[in-house]
Amino acid sequence: MGKVPVITIDGPSGSGKGTLAQRVAETLGWHFLDSGAIYRVLGIITERADISVDCVDKIAELAANMPLSFIRSRTLLGEEDVSDLIRTETAGNAASKVAAIPQVRHALLEWQRDYAKPPGLVADGRDMGTVVFPSAEVKIFLTASAEERALRRYKQLKEKGLGVNLASLTEEIRERDERDSNRSAAPLTAADQALQLDSTAMAMDEVFQQVMQKVFATLPNLRQ
Ligand code: C5P
């Protein structure tokens with residue numbers, strides 16, 4: 001069997017990479033990996049089990065054995081549907097703490113690579129293009145200013161009827177960026193070959209068009 005083509009879409013939280021990656025995957029009829037969801041689930045179960053982030057081996061063991069599955073658009077932990085729970089700010093922050101542990105990242109590496117199945121994979125995360133799929137055909141790095149990302153998140157939460165404070169949301173996003181960018185294991189950084197896009201002042205449709213242009217230029221056989 002030939003190599004399965006992979007498109008990686010990395011960037012900070014709120015840059016729009018999740019929605020973009022899903023749309024690209026749907027358009028091409030490819031598989032989709034939301035790697036952030038894996039770290040979010042791990043963050044939740046670590047907190048539930050009341051394990052300190054210093055107990056790295058215990059957390060790596062949890063990572064290697066968690067009964068996580070993605071069924072259609074739902075995220076399941078065993079029988080429990082955790083799809084909504086993992087989208088909270090608490091889960092995002094817990095994820096970013098366990099994600100800084102090298103043993104955890106190592107434990108999840110093959111698991112993530114197994115998602116590369118025909119006809120292709122679109123992988124969304126922080127280190128998809130740099131560490132997990134370094135030989136991906138197309139690499140995208142999507143950013144947006146922290147203020148813009150906080151504002152997008154603020155609007156999303158308000159729509160859901162949740163009371164939030166924009167200033168503290170911006171601060172949390174900054175802290176998470178700082179932790180994700182400065183950790184020693186697989187820090188948030190653009191792969192050398194990545195197409196870098198800043199979505200601060202761009203409509204998501206425009207971002208999508210640019211990404212598809214790059215995809216078709218690199219993989220012309222996909223154009224029907
Ligand atoms: O992308 P998302 O916001 O769901 O990711 C949650 C957290 O999981 C991030 O802040 C980051 O710390 C971690 N993460 C990671 N590597 C990935 C995906 C997510 O470290 N590939």
# chains A, B, ... in the order shown; residues from 1 in each chain; ligands from 1
>>> closest_atom_pairs(of="chain A", to="ligand 1", cutoff="7 Å", atoms="only C-alpha atoms and all ligand atoms", output="Markdown table")
| residue | atom | partner | partner_atom_place_in_ligand_line | distance |
| --- | --- | --- | --- | --- |
| A:Pro12 | CA | ligand 1 | 1 (O) | 6.8 |
| A:Ser13 | CA | ligand 1 | 3 (O) | 4.4 |
| A:Ser35 | CA | ligand 1 | 18 (C) | 4.7 |
| A:Gly36 | CA | ligand 1 | 19 (C) | 3.5 |
| A:Ala37 | CA | ligand 1 | 4 (O) | 5.3 |
| A:Tyr39 | CA | ligand 1 | 8 (O) | 4.9 |
| A:Arg40 | CA | ligand 1 | 6 (C) | 5.8 |
| A:Gly92 | CA | ligand 1 | 6 (C) | 4.8 |
| A:Asn93 | CA | ligand 1 | 10 (O) | 6.5 |
| A:Ala95 | CA | ligand 1 | 8 (O) | 4.7 |
| A:Ser96 | CA | ligand 1 | 12 (O) | 3.1 |
| A:Lys97 | CA | ligand 1 | 12 (O) | 6.6 |
| A:Ala99 | CA | ligand 1 | 20 (O) | 4.5 |
| A:Ala100 | CA | ligand 1 | 20 (O) | 6.6 |
| A:Asp124 | CA | ligand 1 | 21 (N) | 6.9 |
| A:Gly125 | CA | ligand 1 | 21 (N) | 3.7 |
| A:Arg126 | CA | ligand 1 | 21 (N) | 4.1 |
| A:Asp127 | CA | ligand 1 | 21 (N) | 4.9 |
| A:Met128 | CA | ligand 1 | 21 (N) | 5.9 |
| A:Arg176 | CA | ligand 1 | 10 (O) | 5.9 |
| A:Asp180 | CA | ligand 1 | 12 (O) | 5.2 |
>>> select_by_dssp(residues="range 41-182 of chain A", states="strand (DSSP E or B)", output="list in words")
Leu68, Ser69, Phe70, Ile71, Arg74, Thr75, Leu76, Leu77, Glu80, Asp81, Leu121, Val122, Ala123, Asp124, Gly125, Val138, Lys139, Ile140, Phe141, Leu142 and Thr143 of chain A
>>> residues_around(residues="range 142-159 of chain A", least_positions_apart="2", cutoff="10 Å", atoms="only C-alpha atoms", output="JSON, numbers by chain")
{"A": [9, 10, 11, 12, 13, 14, 15, 16, 17, 20, 88, 89, 139, 140, 161, 162, 163, 164, 165, 166, 167, 168, 169, 170, 171, 172, 173, 174, 177, 190, 194, 195, 196, 197, 198, 199, 200, 201, 202, 207]}
>>> write_last_selection(atoms="N, CA and C atoms", output="tab-separated table (two decimals), in the first residue's frame")
chain	number	residue	atom	x	y	z
A	9	ILE	N	-2.96	20.74	10.05
A	9	ILE	CA	-3.39	22.12	10.32
A	9	ILE	C	-3.10	22.40	11.79
A	10	ASP	N	-2.06	23.18	12.04
A	10	ASP	CA	-1.66	23.50	13.41
A	10	ASP	C	-1.90	24.97	13.70
A	11	GLY	N	-1.94	25.27	15.00
A	11	GLY	CA	-2.10	26.67	15.40
A	11	GLY	C	-2.66	26.74	16.79
A	12	PRO	N	-2.73	27.96	17.34
A	12	PRO	CA	-3.24	28.11	18.71
A	12	PRO	C	-4.76	27.97	18.78
A	13	SER	N	-5.27	27.81	19.99
A	13	SER	CA	-6.72	27.71	20.22
A	13	SER	C	-7.44	28.95	19.70
A	14	GLY	N	-8.55	28.73	19.04
A	14	GLY	CA	-9.36	29.86	18.61
A	14	GLY	C	-8.94	30.46	17.28
A	15	SER	N	-7.93	29.87	16.63
A	15	SER	CA	-7.49	30.42	15.35
A	15	SER	C	-8.46	30.00	14.24
A	16	GLY	N	-9.34	29.04	14.56
A	16	GLY	CA	-10.31	28.57	13.57
A	16	GLY	C	-9.85	27.29	12.90
A	17	LYS	N	-8.74	26.71	13.40
A	17	LYS	CA	-8.17	25.54	12.72
A	17	LYS	C	-9.08	24.32	12.79
A	20	LEU	N	-11.82	24.70	10.21
A	20	LEU	CA	-11.17	24.62	8.90
A	20	LEU	C	-10.79	23.17	8.57
A	88	THR	N	-15.07	22.85	27.37
A	88	THR	CA	-15.03	23.94	28.36
A	88	THR	C	-13.62	24.50	28.49
A	89	GLU	N	-13.51	25.72	29.05
A	89	GLU	CA	-12.20	26.34	29.28
A	89	GLU	C	-11.40	25.51	30.28
A	139	LYS	N	1.18	21.28	4.80
A	139	LYS	CA	1.19	21.74	6.20
A	139	LYS	C	0.70	23.18	6.27
A	140	ILE	N	-0.26	23.40	7.16
A	140	ILE	CA	-0.81	24.75	7.33
A	140	ILE	C	-0.58	25.18	8.77
A	161	GLY	N	-25.37	30.97	25.94
A	161	GLY	CA	-26.01	31.47	27.15
A	161	GLY	C	-25.12	31.41	28.38
A	162	LEU	N	-23.79	31.27	28.15
A	162	LEU	CA	-22.88	31.19	29.30
A	162	LEU	C	-22.30	32.57	29.60
A	163	GLY	N	-22.28	32.92	30.86
A	163	GLY	CA	-21.73	34.21	31.28
A	163	GLY	C	-20.22	34.14	31.28
A	164	VAL	N	-19.56	35.02	30.53
A	164	VAL	CA	-18.10	35.01	30.51
A	164	VAL	C	-17.56	36.42	30.53
A	165	ASN	N	-16.31	36.53	30.92
A	165	ASN	CA	-15.68	37.83	31.00
A	165	ASN	C	-14.57	37.88	29.95
A	166	LEU	N	-14.66	38.86	29.04
A	166	LEU	CA	-13.74	38.93	27.92
A	166	LEU	C	-12.28	39.11	28.37
A	167	ALA	N	-12.09	39.96	29.40
A	167	ALA	CA	-10.72	40.23	29.85
A	167	ALA	C	-10.08	38.96	30.41
A	168	SER	N	-10.84	38.19	31.20
A	168	SER	CA	-10.22	36.99	31.79
A	168	SER	C	-10.04	35.89	30.73
A	169	LEU	N	-10.91	35.89	29.73
A	169	LEU	CA	-10.77	34.93	28.63
A	169	LEU	C	-9.48	35.23	27.84
A	170	THR	N	-9.25	36.53	27.59
A	170	THR	CA	-8.03	36.94	26.85
A	170	THR	C	-6.79	36.53	27.65
A	171	GLU	N	-6.87	36.74	28.96
A	171	GLU	CA	-5.74	36.41	29.83
A	171	GLU	C	-5.47	34.89	29.81
A	172	GLU	N	-6.55	34.10	29.87
A	172	GLU	CA	-6.41	32.63	29.85
A	172	GLU	C	-5.80	32.15	28.54
A	173	ILE	N	-6.24	32.77	27.45
A	173	ILE	CA	-5.72	32.40	26.13
A	173	ILE	C	-4.23	32.72	26.04
A	174	ARG	N	-3.85	33.88	26.59
A	174	ARG	CA	-2.43	34.27	26.60
A	174	ARG	C	-1.60	33.27	27.40
A	177	ASP	N	-1.28	30.01	25.48
A	177	ASP	CA	-0.32	30.19	24.37
A	177	ASP	C	1.10	30.09	24.89
A	190	ALA	N	5.44	26.68	13.94
A	190	ALA	CA	5.12	26.32	12.55
A	190	ALA	C	6.22	25.43	11.97
A	194	ALA	N	5.51	24.97	6.32
A	194	ALA	CA	4.07	25.26	6.46
A	194	ALA	C	3.67	26.56	5.76
A	195	LEU	N	2.46	26.53	5.19
A	195	LEU	CA	1.86	27.76	4.69
A	195	LEU	C	1.29	28.46	5.92
A	196	GLN	N	1.78	29.67	6.21
A	196	GLN	CA	1.32	30.36	7.41
A	196	GLN	C	0.24	31.36	7.04
A	197	LEU	N	-0.89	31.27	7.73
A	197	LEU	CA	-2.00	32.18	7.47
A	197	LEU	C	-2.43	32.84	8.77
A	198	ASP	N	-2.71	34.13	8.70
A	198	ASP	CA	-3.18	34.86	9.88
A	198	ASP	C	-4.65	35.18	9.65
A	199	SER	N	-5.52	34.59	10.46
A	199	SER	CA	-6.96	34.74	10.23
A	199	SER	C	-7.57	35.92	10.98
A	200	THR	N	-6.73	36.77	11.61
A	200	THR	CA	-7.27	37.87	12.41
A	200	THR	C	-8.27	38.70	11.61
A	201	ALA	N	-7.87	39.08	10.39
A	201	ALA	CA	-8.74	39.95	9.61
A	201	ALA	C	-9.26	39.24	8.36
A	202	MET	N	-9.25	37.91	8.39
A	202	MET	CA	-9.69	37.16	7.20
A	202	MET	C	-10.98	36.40	7.50
A	207	VAL	N	-9.90	31.87	4.15
A	207	VAL	CA	-8.85	30.98	4.65
A	207	VAL	C	-9.01	29.61	3.98
>>> closest_residue(among="A:Asp34, A:Glu47, A:Asp54, A:Asp114", to="Ala91 in chain A", atoms="only C-alpha atoms")
A:Glu47
>>> residues_around(residues="Glu80 in chain A", least_positions_apart="4", cutoff="12 Å", atoms="only C-alpha atoms", output="number ranges by chain")
A: 41, 45, 67-71, 74-76, 84-86
>>> residues_around(residues="range 132-135 of chain A", least_positions_apart="2", cutoff="8 Å", atoms="only C-alpha atoms", output="list in words")
Val6, Thr8, Leu109, Gln112, Arg113, Asp127, Met128, Gly129, Thr130 and Glu137 of chain A
>>> atom_distance(atom1="CA of Leu33 in chain A", atom2="CA of Thr19 in chain A")
11.9 Å
>>> residues_around(residues="Lys214 in chain A", least_positions_apart="5", cutoff="9 Å", atoms="only C-alpha atoms", output="number ranges by chain")
A: 138, 195, 209, 219
>>> write_last_selection(atoms="C-alpha atoms", output="PDB file, in the first residue's frame")
ATOM      1  CA  VAL A 138       0.539  19.802   2.998  1.00  0.00           C
ATOM      2  CA  LEU A 195       1.859  27.755   4.691  1.00  0.00           C
ATOM      3  CA  GLN A 209     -10.094  28.920  -0.304  1.00  0.00           C
ATOM      4  CA  LEU A 219      -1.908  17.152  -4.854  1.00  0.00           C
TER       5      LEU A 219
END
>>> atom_distance(atom1="CA of Arg179 in chain A", atom2="CA of His31 in chain A")
29.0 Å
>>> closest_residue(among="A:Ala21, A:Ile38, A:Ile101, A:Leu28", to="Ala60 in chain A", atoms="only C-alpha atoms")
A:Ile101
>>> atom_distance(atom1="CA of Leu222 in chain A", atom2="CA of Gly18 in chain A")
21.6 Å
>>> select_by_dssp(residues="range 11-216 of chain A", states="alpha helix (DSSP H)", output="PyMOL selection string")
chain A and resi 17-28+35-48+56-65+89-98+102-113+146-159+166-182+204-216
>>> closest_residue(among="A:Glu26, A:Asp205, A:Thr189, A:Phe32", to="Lys117 in chain A", atoms="only C-alpha atoms")
A:Phe32
>>> closest_residue(among="A:Glu79, A:Ala203, A:Asn182, A:Leu121", to="Lys3 in chain A", atoms="only C-alpha atoms")
A:Leu121
>>> decode(residues="range 182-193 of chain A", atoms="N, CA and C atoms", output="compact mmCIF listing (two decimals), in the first residue's frame")
# COMPACT_ATOMS: atom_id res chain seq x y z
N ASN A 182 6.14 27.57 24.93
CA ASN A 182 7.44 27.52 25.61
C ASN A 182 7.80 26.17 26.21
N ARG A 183 6.92 25.18 26.07
CA ARG A 183 7.26 23.88 26.64
C ARG A 183 8.38 23.24 25.81
N SER A 184 9.11 22.33 26.46
CA SER A 184 10.23 21.72 25.73
C SER A 184 9.73 20.64 24.77
N ALA A 185 8.65 19.92 25.15
CA ALA A 185 8.17 18.83 24.29
C ALA A 185 7.19 19.36 23.25
N ALA A 186 7.55 19.22 21.98
CA ALA A 186 6.68 19.59 20.87
C ALA A 186 5.98 20.93 21.06
N PRO A 187 6.75 22.02 21.20
CA PRO A 187 6.10 23.32 21.40
C PRO A 187 5.30 23.76 20.17
N LEU A 188 4.35 24.65 20.41
CA LEU A 188 3.54 25.18 19.31
C LEU A 188 4.43 26.02 18.41
N THR A 189 4.73 25.51 17.24
CA THR A 189 5.57 26.25 16.31
C THR A 189 5.27 25.78 14.89
N ALA A 190 5.44 26.68 13.94
CA ALA A 190 5.12 26.32 12.55
C ALA A 190 6.22 25.43 11.97
N ALA A 191 5.82 24.41 11.23
CA ALA A 191 6.80 23.58 10.53
C ALA A 191 7.45 24.45 9.45
N ASP A 192 8.71 24.14 9.11
CA ASP A 192 9.44 24.95 8.13
C ASP A 192 8.67 25.14 6.83
N GLN A 193 8.07 24.05 6.37
CA GLN A 193 7.42 24.09 5.04
C GLN A 193 5.98 24.58 5.13
